[in-house]
$ cat target_20.txt   # compact mmCIF, N, CA and C atoms
# COMPACT_ATOMS: atom_id res chain seq x y z
N MET A 21 176.25 165.39 123.75
CA MET A 21 175.52 165.01 124.93
C MET A 21 176.49 164.89 126.10
N ILE A 22 176.14 165.52 127.17
CA ILE A 22 176.98 165.51 128.36
C ILE A 22 176.55 164.35 129.25
N ARG A 23 177.52 163.56 129.61
CA ARG A 23 177.22 162.40 130.47
C ARG A 23 177.24 162.84 131.92
N ARG A 24 176.14 162.60 132.59
CA ARG A 24 176.00 163.01 133.98
C ARG A 24 176.32 161.81 134.88
N PRO A 25 177.15 161.94 135.88
CA PRO A 25 177.45 160.81 136.77
C PRO A 25 176.23 160.45 137.62
N ILE A 26 176.12 159.17 137.92
CA ILE A 26 174.99 158.70 138.74
C ILE A 26 175.31 159.00 140.20
N ARG A 27 174.37 159.64 140.83
CA ARG A 27 174.55 159.99 142.24
C ARG A 27 174.25 158.78 143.13
N ARG A 28 174.82 158.79 144.28
CA ARG A 28 174.63 157.70 145.24
C ARG A 28 173.15 157.59 145.63
N SER A 29 172.48 158.71 145.81
CA SER A 29 171.07 158.68 146.20
C SER A 29 170.21 158.07 145.09
N ASP A 30 170.60 158.29 143.82
CA ASP A 30 169.87 157.68 142.71
C ASP A 30 170.01 156.16 142.74
N LEU A 31 171.23 155.70 143.01
CA LEU A 31 171.46 154.25 143.10
C LEU A 31 170.68 153.62 144.25
N ILE A 32 170.66 154.28 145.37
CA ILE A 32 169.92 153.76 146.52
C ILE A 32 168.43 153.70 146.21
N ALA A 33 167.91 154.74 145.56
CA ALA A 33 166.49 154.75 145.22
C ALA A 33 166.15 153.64 144.23
N LEU A 34 167.00 153.43 143.22
CA LEU A 34 166.76 152.37 142.25
C LEU A 34 166.86 150.99 142.90
N ALA A 35 167.85 150.80 143.74
CA ALA A 35 168.01 149.51 144.42
C ALA A 35 166.82 149.22 145.33
N THR A 36 166.37 150.22 146.04
CA THR A 36 165.22 150.04 146.93
C THR A 36 163.97 149.70 146.13
N ALA A 37 163.75 150.40 145.03
CA ALA A 37 162.58 150.12 144.19
C ALA A 37 162.66 148.71 143.63
N GLY A 38 163.85 148.29 143.19
CA GLY A 38 164.01 146.94 142.66
C GLY A 38 163.75 145.87 143.70
N VAL A 39 164.26 146.08 144.90
CA VAL A 39 164.05 145.10 145.97
C VAL A 39 162.57 145.01 146.33
N LEU A 40 161.89 146.13 146.38
CA LEU A 40 160.46 146.12 146.71
C LEU A 40 159.65 145.42 145.62
N MET A 41 160.02 145.63 144.37
CA MET A 41 159.28 144.98 143.27
C MET A 41 159.49 143.47 143.29
N VAL A 42 160.71 143.04 143.53
CA VAL A 42 161.01 141.61 143.52
C VAL A 42 160.40 140.93 144.74
N SER A 43 160.41 141.60 145.88
CA SER A 43 159.90 140.96 147.09
C SER A 43 158.38 140.79 147.06
N ALA A 44 157.70 141.55 146.23
CA ALA A 44 156.25 141.44 146.14
C ALA A 44 155.81 140.29 145.24
N CYS A 45 156.74 139.66 144.55
CA CYS A 45 156.40 138.58 143.64
C CYS A 45 156.25 137.28 144.42
N GLY A 46 155.47 136.39 143.87
CA GLY A 46 155.43 135.04 144.41
C GLY A 46 154.31 134.81 145.38
N LYS A 47 154.14 133.55 145.67
CA LYS A 47 153.08 133.10 146.56
C LYS A 47 153.70 132.69 147.89
N PRO A 48 153.22 133.23 149.00
CA PRO A 48 153.76 132.79 150.28
C PRO A 48 153.24 131.40 150.63
N GLY A 49 154.05 130.64 151.30
CA GLY A 49 153.63 129.30 151.71
C GLY A 49 154.04 128.24 150.72
N LYS A 50 153.38 127.10 150.81
CA LYS A 50 153.70 125.96 149.97
C LYS A 50 153.30 126.23 148.52
N LEU A 51 154.20 125.93 147.61
CA LEU A 51 153.90 126.11 146.19
C LEU A 51 153.23 124.87 145.64
N ASP A 52 152.20 125.05 144.85
CA ASP A 52 151.46 123.93 144.26
C ASP A 52 151.95 123.70 142.84
N GLN A 53 152.06 122.43 142.48
CA GLN A 53 152.43 122.08 141.12
C GLN A 53 151.19 122.22 140.23
N PRO A 54 151.31 122.89 139.10
CA PRO A 54 150.15 123.03 138.23
C PRO A 54 149.80 121.70 137.56
N ALA A 55 148.57 121.58 137.14
CA ALA A 55 148.12 120.36 136.48
C ALA A 55 148.80 120.22 135.12
N PRO A 56 149.06 118.98 134.69
CA PRO A 56 149.68 118.80 133.38
C PRO A 56 148.72 119.18 132.26
N LEU A 57 149.29 119.70 131.18
CA LEU A 57 148.47 120.12 130.04
C LEU A 57 148.22 118.98 129.06
N PHE A 58 149.17 118.06 128.95
CA PHE A 58 149.06 116.99 127.96
C PHE A 58 149.21 115.63 128.63
N GLY A 59 148.62 114.62 128.02
CA GLY A 59 148.79 113.25 128.46
C GLY A 59 147.72 112.83 129.45
N ALA A 60 146.90 111.89 129.04
CA ALA A 60 145.83 111.40 129.91
C ALA A 60 146.41 110.71 131.14
N GLU A 61 147.54 110.01 130.95
CA GLU A 61 148.15 109.30 132.07
C GLU A 61 148.67 110.30 133.12
N ALA A 62 149.30 111.36 132.65
CA ALA A 62 149.81 112.37 133.57
C ALA A 62 148.68 113.08 134.30
N LYS A 63 147.60 113.37 133.58
CA LYS A 63 146.45 114.02 134.21
C LYS A 63 145.82 113.12 135.27
N ALA A 64 145.72 111.81 134.98
CA ALA A 64 145.15 110.87 135.94
C ALA A 64 146.04 110.76 137.17
N ALA A 65 147.36 110.72 136.97
CA ALA A 65 148.29 110.64 138.09
C ALA A 65 148.20 111.90 138.95
N TYR A 66 148.07 113.05 138.30
CA TYR A 66 147.95 114.31 139.04
C TYR A 66 146.66 114.33 139.86
N ALA A 67 145.55 113.90 139.24
CA ALA A 67 144.27 113.88 139.95
C ALA A 67 144.33 112.92 141.13
N ALA A 68 144.97 111.76 140.96
CA ALA A 68 145.09 110.79 142.06
C ALA A 68 145.94 111.36 143.18
N LYS A 69 147.01 112.06 142.82
CA LYS A 69 147.88 112.66 143.84
C LYS A 69 147.13 113.72 144.63
N LYS A 70 146.39 114.58 143.94
CA LYS A 70 145.61 115.62 144.61
C LYS A 70 144.54 115.02 145.52
N GLN A 71 143.88 113.95 145.05
CA GLN A 71 142.85 113.29 145.86
C GLN A 71 143.48 112.67 147.11
N ALA A 72 144.66 112.07 146.97
CA ALA A 72 145.34 111.47 148.12
C ALA A 72 145.74 112.55 149.13
N GLU A 73 146.21 113.70 148.64
CA GLU A 73 146.56 114.80 149.53
C GLU A 73 145.33 115.32 150.26
N ALA A 74 144.21 115.43 149.55
CA ALA A 74 142.97 115.91 150.17
C ALA A 74 142.48 114.92 151.23
N ASP A 75 142.57 113.62 150.92
CA ASP A 75 142.15 112.60 151.88
C ASP A 75 143.03 112.62 153.13
N ALA A 76 144.35 112.79 152.92
CA ALA A 76 145.27 112.84 154.06
C ALA A 76 144.99 114.07 154.92
N ALA A 77 144.70 115.20 154.29
CA ALA A 77 144.40 116.41 155.04
C ALA A 77 143.09 116.26 155.83
N ALA A 78 142.09 115.64 155.21
CA ALA A 78 140.82 115.42 155.90
C ALA A 78 141.00 114.47 157.08
N LYS A 79 141.82 113.44 156.89
CA LYS A 79 142.07 112.48 157.97
C LYS A 79 142.81 113.15 159.12
N ALA A 80 143.77 114.04 158.80
CA ALA A 80 144.51 114.76 159.83
C ALA A 80 143.58 115.71 160.59
N ASP A 81 142.69 116.39 159.87
CA ASP A 81 141.73 117.27 160.53
C ASP A 81 140.78 116.49 161.41
N GLU A 82 140.40 115.32 160.95
CA GLU A 82 139.49 114.47 161.72
C GLU A 82 140.15 114.00 163.01
N ALA A 83 141.45 113.72 162.94
CA ALA A 83 142.17 113.25 164.12
C ALA A 83 142.34 114.35 165.15
N LYS A 84 142.29 115.61 164.72
CA LYS A 84 142.46 116.73 165.63
C LYS A 84 141.20 116.99 166.46
N VAL A 85 140.06 116.53 165.99
CA VAL A 85 138.80 116.80 166.68
C VAL A 85 138.75 115.98 167.96
N VAL A 86 138.53 116.65 169.07
CA VAL A 86 138.43 115.97 170.36
C VAL A 86 137.00 116.10 170.85
N THR A 87 136.39 114.97 171.09
CA THR A 87 135.03 115.01 171.60
C THR A 87 135.08 115.00 173.12
N PRO A 88 134.43 115.94 173.76
CA PRO A 88 134.47 115.98 175.22
C PRO A 88 133.68 114.81 175.81
N GLN A 89 134.24 114.24 176.84
CA GLN A 89 133.58 113.12 177.51
C GLN A 89 132.71 113.67 178.65
N PRO A 90 131.49 113.18 178.75
CA PRO A 90 130.64 113.65 179.83
C PRO A 90 131.18 113.16 181.19
N VAL A 91 131.13 114.04 182.15
CA VAL A 91 131.60 113.69 183.49
C VAL A 91 130.39 113.73 184.42
N THR A 92 130.17 112.62 185.09
CA THR A 92 129.05 112.54 186.04
C THR A 92 129.55 112.86 187.44
N PRO A 93 128.67 113.24 188.32
CA PRO A 93 129.10 113.51 189.70
C PRO A 93 129.77 112.29 190.35
N GLN A 94 129.31 111.09 190.02
CA GLN A 94 129.91 109.89 190.60
C GLN A 94 131.37 109.74 190.15
N GLU A 95 131.64 110.07 188.88
CA GLU A 95 133.01 109.99 188.37
C GLU A 95 133.91 111.02 189.05
N ILE A 96 133.36 112.19 189.33
CA ILE A 96 134.14 113.23 190.00
C ILE A 96 134.49 112.78 191.41
N GLU A 97 133.54 112.19 192.12
CA GLU A 97 133.79 111.74 193.50
C GLU A 97 134.77 110.56 193.51
N ALA A 98 134.71 109.70 192.50
CA ALA A 98 135.57 108.53 192.48
C ALA A 98 137.00 108.86 192.03
N ALA A 99 137.21 110.01 191.43
CA ALA A 99 138.55 110.38 190.97
C ALA A 99 139.46 110.64 192.16
N PRO A 100 140.73 110.26 192.07
CA PRO A 100 141.64 110.50 193.17
C PRO A 100 141.83 112.01 193.39
N ALA A 101 142.05 112.38 194.60
CA ALA A 101 142.24 113.80 194.94
C ALA A 101 143.57 114.28 194.40
N ALA A 102 143.59 115.48 193.97
CA ALA A 102 144.83 116.06 193.46
C ALA A 102 145.74 116.37 194.66
N THR A 103 146.99 116.00 194.53
CA THR A 103 147.93 116.26 195.61
C THR A 103 148.84 117.41 195.21
N PRO A 104 149.08 118.33 196.12
CA PRO A 104 149.97 119.44 195.79
C PRO A 104 151.42 118.94 195.68
N ASN A 105 152.16 119.58 194.86
CA ASN A 105 153.57 119.18 194.67
C ASN A 105 154.43 119.70 195.76
$ encode --input "target_20.txt" --output "structure tokens"
Amino acid sequence: MIRRPIRRSDLIALATAGVLMVSACGKPGKLDQPAPLFGAEAKAAYAAKKQAEADAAAKADEAKVVTPQPVTPQEIEAAPAATPN
């Protein structure tokens, strides 16, 4: 059997294919811890942690909501005039 030397173009093609395969793996963004498989205590702690995270996210979303305040013509007239800088 004759041993053929590896060409530079072959190495580049293999390296490129490897990089593309590895870069396609994984989940973008925050990684989530999977639920425990064993132990009632661990499962309860995991469920409590997830519920606390969901509550915190809901509270943060609730804080972002801005309710527009109605403006009456009297309030517009009573507001100080804007002064140019």
$ select_by_dssp --input "target_20.txt" --residues "chain A" --states "alpha helix (DSSP H)" --output "PyMOL selection string"
chain A and resi 28-43+60-84+93-98
$ atom_distance --input "target_20.txt" --atom1 "atom C of Gly38 (chain A)" --atom2 "atom C of Pro25 (chain A)"
20.1 Å
$ atom_distance --input "target_20.txt" --atom1 "CA of Lys50 (chain A)" --atom2 "CA of Glu73 (chain A)"
13.3 Å
$ atom_distance --input "target_20.txt" --atom1 "CA of Pro54 (chain A)" --atom2 "atom N of Ala67 (chain A)"
10.3 Å
